[in-house]
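Participant: My structure file upload23.txt, compact mmCIF, C-alpha atoms, is below:
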# COMPACT_ATOMS: atom_id res chain seq x y z
CA MET A 10 -31.38 46.09 20.49
CA LEU A 11 -28.12 45.67 22.44
CA ARG A 12 -29.31 42.51 24.17
CA HIS A 13 -30.30 40.97 20.81
CA LYS A 14 -26.83 41.71 19.42
CA GLN A 15 -25.19 40.06 22.45
CA ALA A 16 -27.37 36.99 21.96
CA GLU A 17 -26.21 36.73 18.32
CA GLU A 18 -22.62 36.85 19.45
CA LEU A 19 -23.29 33.94 21.79
CA LYS A 20 -24.84 31.91 18.95
CA VAL A 21 -21.80 32.55 16.79
CA GLY A 22 -19.54 30.95 19.38
CA ILE A 23 -17.65 31.30 22.61
CA ASP A 24 -14.25 30.15 23.76
CA ILE A 25 -14.96 27.04 25.82
CA ASN A 26 -11.56 27.29 27.50
CA SER A 27 -12.60 30.59 29.11
CA LEU A 28 -15.34 28.77 31.08
CA PRO A 29 -14.81 27.13 34.47
CA LEU A 30 -13.75 23.48 34.32
CA SER A 31 -17.13 22.10 35.39
CA ALA A 32 -18.84 24.14 32.64
CA GLN A 33 -16.29 22.96 30.05
CA ILE A 34 -17.07 19.34 30.90
CA GLN A 35 -20.81 19.96 30.58
CA VAL A 36 -20.43 21.78 27.23
CA ARG A 37 -18.21 19.05 25.77
CA ALA A 38 -20.61 16.34 26.92
CA LYS A 39 -23.53 18.20 25.32
CA LEU A 40 -21.58 18.64 22.05
CA ASP A 41 -20.68 14.94 21.99
CA GLU A 42 -24.33 14.04 22.57
CA GLN A 43 -25.41 16.29 19.69
CA LYS A 44 -22.85 14.67 17.38
CA ARG A 45 -24.12 11.19 18.29
CA GLU A 46 -27.69 12.25 17.59
CA GLN A 47 -26.68 13.69 14.21
CA LYS A 48 -24.95 10.45 13.26
CA GLN A 49 -28.00 8.43 14.28
CA GLN A 50 -30.27 10.65 12.19
CA GLN A 51 -27.96 10.31 9.19
CA ALA A 52 -27.89 6.54 9.62
CA LYS A 53 -31.71 6.44 9.57
CA LYS A 54 -31.73 8.42 6.33
CA GLN A 55 -29.35 6.02 4.55
CA PRO A 56 -31.08 3.51 2.29
CA GLU A 57 -30.79 -0.14 3.33
CA ALA A 58 -28.63 -0.99 0.28
CA GLN A 59 -25.99 1.52 1.33
CA LYS A 60 -25.91 0.11 4.84
CA ARG A 61 -25.19 -3.37 3.46
CA GLN A 62 -22.28 -2.13 1.37
CA LYS A 63 -18.85 -2.64 2.85
CA GLN A 64 -17.58 0.60 4.31
CA PRO A 65 -14.07 1.68 3.28
CA LYS A 66 -11.43 1.18 5.92
CA GLU A 67 -10.07 4.39 7.35
CA ALA A 68 -6.73 3.07 8.55
CA ASP A 69 -5.50 0.84 5.69
CA ALA A 70 -1.89 1.76 6.48
CA ALA A 71 -2.26 0.41 10.02
CA GLU A 72 -3.41 -3.01 8.85
CA PRO A 73 -0.75 -5.65 8.28
CA SER A 74 -0.11 -6.80 4.74
CA LYS A 75 -1.28 -10.18 3.51
CA TYR A 76 2.02 -11.90 4.30
CA ARG A 77 2.97 -9.61 7.23
CA ASN A 78 5.61 -7.75 5.20
CA VAL A 79 6.91 -4.41 6.41
CA LYS A 80 7.57 -1.86 3.66
CA VAL A 81 11.05 -0.33 3.63
CA ILE A 82 12.43 2.81 1.97
CA ARG A 83 16.07 3.28 0.98
CA VAL A 84 17.78 6.35 -0.49
CA VAL A 85 20.33 5.31 -3.10
CA ASP A 86 22.40 7.89 -4.98
CA GLY A 87 19.82 10.56 -4.12
CA GLU A 88 16.85 8.49 -5.34
CA THR A 89 14.19 6.96 -3.11
CA VAL A 90 13.68 3.23 -3.61
CA LYS A 91 10.70 1.47 -1.97
CA PHE A 92 10.76 -2.23 -1.13
CA PRO A 93 7.72 -4.33 -0.17
CA SER A 94 9.66 -6.25 2.51
CA LYS A 95 12.65 -6.10 4.83
CA ARG A 96 14.04 -9.24 3.20
CA GLU A 97 14.04 -7.62 -0.25
CA ALA A 98 15.63 -4.42 1.12
CA ARG A 99 18.42 -6.39 2.86
CA ARG A 100 19.13 -8.34 -0.32
CA PHE A 101 19.28 -5.09 -2.28
CA ASP A 102 21.82 -3.71 0.21
CA GLU A 103 24.02 -6.78 -0.35
CA LEU A 104 23.70 -6.63 -4.14
CA TYR A 105 24.30 -2.87 -4.23
CA LEU A 106 27.57 -3.28 -2.32
CA GLN A 107 28.63 -5.97 -4.81
CA TYR A 108 27.61 -3.69 -7.70
CA LYS A 109 29.65 -0.79 -6.30
CA GLY A 110 32.58 -3.17 -5.72
CA GLY A 111 32.43 -4.42 -9.33
CA ALA A 112 31.54 -8.05 -8.50
CA ILE A 113 28.24 -7.75 -10.45
CA GLN A 114 27.13 -5.54 -13.32
CA ASP A 115 23.86 -4.15 -14.70
CA LEU A 116 21.84 -4.40 -11.47
CA ARG A 117 18.12 -3.95 -12.20
CA LEU A 118 15.10 -3.91 -9.92
CA GLN A 119 11.58 -5.13 -10.72
CA GLN A 120 12.28 -6.21 -14.31
CA ASP A 121 9.30 -7.64 -16.22
CA PHE A 122 9.41 -10.90 -18.19
CA THR A 123 6.41 -11.66 -20.40
CA LEU A 124 5.59 -15.35 -19.97
CA VAL A 125 2.42 -15.55 -22.08
CA GLU A 126 1.54 -12.88 -24.63
CA GLY A 127 -1.80 -11.10 -24.40
CA TYR A 128 -4.42 -11.79 -27.06
CA THR A 129 -7.96 -11.00 -28.15
CA ARG A 130 -10.67 -13.67 -27.99
CA PRO A 131 -13.00 -14.23 -30.95
CA ASN A 132 -15.76 -12.42 -29.04
CA GLY A 133 -13.53 -9.32 -28.90
CA LYS A 134 -12.61 -9.57 -25.22
CA ARG A 135 -8.95 -8.78 -24.49
CA VAL A 136 -6.90 -11.21 -22.38
CA ARG A 137 -3.95 -9.57 -20.62
CA PRO A 138 -0.46 -11.03 -20.87
CA MET A 139 1.00 -13.07 -17.99
CA VAL A 140 4.05 -11.27 -16.63
CA TYR A 141 6.66 -12.24 -14.04
CA LYS A 142 8.27 -9.33 -12.20
CA ALA A 143 11.72 -10.27 -10.96
CA ASP A 144 12.95 -8.57 -7.79
CA PHE A 145 16.57 -8.38 -9.02
CA VAL A 146 18.32 -9.05 -12.32
CA TYR A 147 22.09 -8.66 -12.71
CA LEU A 148 25.13 -10.00 -14.53
CA ARG A 149 27.80 -12.01 -12.69
CA ASN A 150 30.74 -13.15 -14.80
CA GLY A 151 28.68 -12.51 -17.95
CA LYS A 152 25.78 -14.73 -16.83
CA ARG A 153 22.35 -13.21 -16.20
CA ILE A 154 21.02 -13.96 -12.72
CA VAL A 155 17.34 -13.51 -11.81
CA GLU A 156 16.57 -13.39 -8.09
CA ASP A 157 13.39 -13.28 -6.08
CA ALA A 158 13.33 -12.46 -2.36
CA LYS A 159 10.74 -15.03 -1.32
CA GLY A 160 9.07 -15.37 2.01
CA LYS A 161 6.14 -17.52 0.90
CA ARG A 162 6.04 -19.61 -2.26
CA THR A 163 2.57 -19.17 -3.69
CA GLU A 164 1.06 -21.43 -6.35
CA LYS A 165 1.07 -18.50 -8.74
CA TYR A 166 4.80 -17.95 -8.18
CA LEU A 167 5.60 -21.65 -8.66
CA MET A 168 3.74 -21.66 -11.98
CA LYS A 169 5.56 -18.52 -13.16
CA ARG A 170 8.90 -20.02 -12.10
CA LYS A 171 8.24 -23.04 -14.35
CA LEU A 172 7.23 -20.80 -17.25
CA MET A 173 10.42 -18.72 -16.83
CA LEU A 174 12.51 -21.87 -17.13
CA GLU A 175 10.54 -23.11 -20.14
CA LYS A 176 10.39 -19.85 -22.11
CA TYR A 177 13.69 -18.15 -21.25
CA GLY A 178 15.77 -21.02 -19.87
CA ILE A 179 16.27 -18.97 -16.69
CA GLU A 180 16.17 -20.59 -13.29
CA ILE A 181 15.05 -18.14 -10.62
CA SER A 182 17.30 -17.95 -7.55
CA GLU A 183 15.30 -17.60 -4.35
CA VAL A 184 16.88 -15.71 -1.47
Take the structure in the file and write it out as structure tokens.
Facilitator:
Amino acid sequence: MLRHKQAEELKVGIDINSLPLSAQIQVRAKLDEQKREQKQQQAKKQPEAQKRQKQPKEADAAEPSKYRNVKVIRVVDGETVKFPSKREARRFDELYLQYKGGAIQDLRLQQDFTLVEGYTRPNGKRVRPMVYKADFVYLRNGKRIVEDAKGKRTEKYLMKRKLMLEKYGIEISEV
């Protein structure tokens, strides 16, 4: 009876670190081998359709963004502000100093401008509105300035820039 109880304790687990180094290496190698075998068995059980599906990426944060931007975080007046690029964060720093100095007023970030209204097609399908999101909007000497911190001018941006000029009469300043 005592020997059976001791055997159960061994099945429950032992502290590998209490073993000699050579035994630790053997145990870890055996555990790694068992894990590989389990993964192989699970892979065999997966249906073919699941295997063909694209697997989600585990380290999305480690991958560079589409245009190689580096996200930046600033703390302004106790609030956290996130910027999609270093360029945009630097421009904000400049504008914020001007705002605090009184050179500009009404500094806004990420303001939306609706370029084309949304509508519903005759078949009932909804078409979303086309919106331009300006990086910065502020007043300088009573004139509204719209700025975009641009690294790459995409076709989509160029089209929206033209629509901004046509609909609102606002020329976007690129910095």
Participant: Rounded to one decimal in Å, what is the spacing between atom CA of A:Val155 and atom CA of A:Ile179?
Facilitator: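 Computing it gives 7.4 Å between the two atoms.
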Participant: Using atom CA of A:Val184 and atom CA of A:Ala158 as the two end points, give the distance in Å to one decimal.
Facilitator: 4.9 Å
Participant: Compile the contact shell of A:Gln120 as a list in words: residues with an atom at most 9 Å away, counting all atoms listed in the file, same-chain residues fewer than 5 positions apart removed.
Facilitator: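 So the residues in contact are Tyr141, Lys142, Ala143, Asp144, Phe145 and Val146 of chain A.
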Participant: What is the distance, in Å and to one decimal place, between atom CA of A:Glu183 and atom CA of A:Lys75?
Facilitator: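 Atom CA of A:Glu183 sits 19.8 Å away from atom CA of A:Lys75.
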Participant: Take the point (22.1, -3.5, -0.6) in the file's coordinates, draw a sphere of radius 12 Å around it, and report as a VMD selection string every protein, DNA or RNA residue with an atom inside or on it, counting all atoms listed in the file.
Facilitator: chain A and resid 82 to 85 90 92 95 to 110 116 118 145
Participant: Taking all atoms listed in the file into account, name the residue in A:Asp115, A:Glu126, A:Glu88, A:Glu175 that is nearest to A:Tyr147.
Facilitator: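 Among the listed residues, the smallest separation from A:Tyr147 belongs to A:Asp115.
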Participant: Using only C-alpha atoms, pick whichever of A:Lys39, A:Lys176, A:Lys161, A:Arg117 has the shortest atom-to-atom distance to A:Asn78.
Facilitator: A:Lys161
Participant: Near A:Gly127, counting all atoms listed in the file, which residues have an atom at most 6 Å away, once you skip same-chain residues fewer than 2 positions from it, shown as a list of chain:residue names?
Facilitator: A:Val136, A:Arg137, A:Pro138
Participant: Point out the residue among A:Arg77, A:Lys48, A:Lys54, A:Arg153 with the least atom-to-atom distance to A:Gly178, counting all atoms listed in the file.
Facilitator: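 Smallest separation from A:Gly178 among the options: A:Arg153.
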Participant: Could you add N, CA and C atoms to stretch 92-111 of chain A and give me the result as a PDB file, in the frame of the given file?
Facilitator:
ATOM      1  N   PHE A  92      10.759  -0.772  -1.085  1.00  0.00           N
ATOM      2  CA  PHE A  92      10.760  -2.230  -1.130  1.00  0.00           C
ATOM      3  C   PHE A  92       9.550  -2.747  -0.359  1.00  0.00           C
ATOM      4  N   PRO A  93       8.907  -3.802  -0.857  1.00  0.00           N
ATOM      5  CA  PRO A  93       7.720  -4.330  -0.170  1.00  0.00           C
ATOM      6  C   PRO A  93       8.033  -5.134   1.085  1.00  0.00           C
ATOM      7  N   SER A  94       9.325  -5.465   1.317  1.00  0.00           N
ATOM      8  CA  SER A  94       9.660  -6.250   2.510  1.00  0.00           C
ATOM      9  C   SER A  94      11.073  -5.952   2.989  1.00  0.00           C
ATOM     10  N   LYS A  95      11.309  -6.257   4.256  1.00  0.00           N
ATOM     11  CA  LYS A  95      12.650  -6.100   4.830  1.00  0.00           C
ATOM     12  C   LYS A  95      13.641  -7.037   4.144  1.00  0.00           C
ATOM     13  N   ARG A  96      13.185  -8.237   3.835  1.00  0.00           N
ATOM     14  CA  ARG A  96      14.040  -9.240   3.200  1.00  0.00           C
ATOM     15  C   ARG A  96      14.557  -8.715   1.855  1.00  0.00           C
ATOM     16  N   GLU A  97      13.651  -8.149   1.064  1.00  0.00           N
ATOM     17  CA  GLU A  97      14.040  -7.620  -0.250  1.00  0.00           C
ATOM     18  C   GLU A  97      14.992  -6.428  -0.094  1.00  0.00           C
ATOM     19  N   ALA A  98      14.759  -5.576   0.886  1.00  0.00           N
ATOM     20  CA  ALA A  98      15.630  -4.420   1.120  1.00  0.00           C
ATOM     21  C   ALA A  98      17.028  -4.863   1.549  1.00  0.00           C
ATOM     22  N   ARG A  99      17.107  -5.881   2.425  1.00  0.00           N
ATOM     23  CA  ARG A  99      18.420  -6.390   2.860  1.00  0.00           C
ATOM     24  C   ARG A  99      19.188  -6.991   1.690  1.00  0.00           C
ATOM     25  N   ARG A 100      18.467  -7.736   0.839  1.00  0.00           N
ATOM     26  CA  ARG A 100      19.130  -8.340  -0.320  1.00  0.00           C
ATOM     27  C   ARG A 100      19.621  -7.264  -1.276  1.00  0.00           C
ATOM     28  N   PHE A 101      18.840  -6.199  -1.432  1.00  0.00           N
ATOM     29  CA  PHE A 101      19.280  -5.090  -2.280  1.00  0.00           C
ATOM     30  C   PHE A 101      20.555  -4.473  -1.727  1.00  0.00           C
ATOM     31  N   ASP A 102      20.616  -4.286  -0.405  1.00  0.00           N
ATOM     32  CA  ASP A 102      21.820  -3.710   0.210  1.00  0.00           C
ATOM     33  C   ASP A 102      23.053  -4.552  -0.134  1.00  0.00           C
ATOM     34  N   GLU A 103      22.905  -5.884  -0.032  1.00  0.00           N
ATOM     35  CA  GLU A 103      24.020  -6.780  -0.350  1.00  0.00           C
ATOM     36  C   GLU A 103      24.428  -6.658  -1.823  1.00  0.00           C
ATOM     37  N   LEU A 104      23.417  -6.700  -2.708  1.00  0.00           N
ATOM     38  CA  LEU A 104      23.700  -6.630  -4.140  1.00  0.00           C
ATOM     39  C   LEU A 104      24.284  -5.268  -4.532  1.00  0.00           C
ATOM     40  N   TYR A 105      23.811  -4.208  -3.890  1.00  0.00           N
ATOM     41  CA  TYR A 105      24.300  -2.870  -4.230  1.00  0.00           C
ATOM     42  C   TYR A 105      25.774  -2.724  -3.849  1.00  0.00           C
ATOM     43  N   LEU A 106      26.164  -3.307  -2.715  1.00  0.00           N
ATOM     44  CA  LEU A 106      27.570  -3.280  -2.320  1.00  0.00           C
ATOM     45  C   LEU A 106      28.428  -4.054  -3.337  1.00  0.00           C
ATOM     46  N   GLN A 107      27.911  -5.195  -3.798  1.00  0.00           N
ATOM     47  CA  GLN A 107      28.630  -5.970  -4.810  1.00  0.00           C
ATOM     48  C   GLN A 107      28.715  -5.192  -6.129  1.00  0.00           C
ATOM     49  N   TYR A 108      27.644  -4.489  -6.473  1.00  0.00           N
ATOM     50  CA  TYR A 108      27.610  -3.690  -7.700  1.00  0.00           C
ATOM     51  C   TYR A 108      28.644  -2.562  -7.616  1.00  0.00           C
ATOM     52  N   LYS A 109      28.681  -1.877  -6.482  1.00  0.00           N
ATOM     53  CA  LYS A 109      29.650  -0.790  -6.300  1.00  0.00           C
ATOM     54  C   LYS A 109      31.085  -1.330  -6.278  1.00  0.00           C
ATOM     55  N   GLY A 110      31.265  -2.558  -5.772  1.00  0.00           N
ATOM     56  CA  GLY A 110      32.580  -3.170  -5.720  1.00  0.00           C
ATOM     57  C   GLY A 110      33.016  -3.793  -7.051  1.00  0.00           C
ATOM     58  N   GLY A 111      32.097  -3.883  -8.013  1.00  0.00           N
ATOM     59  CA  GLY A 111      32.430  -4.420  -9.330  1.00  0.00           C
ATOM     60  C   GLY A 111      32.250  -5.920  -9.464  1.00  0.00           C
TER      61      GLY A 111
END
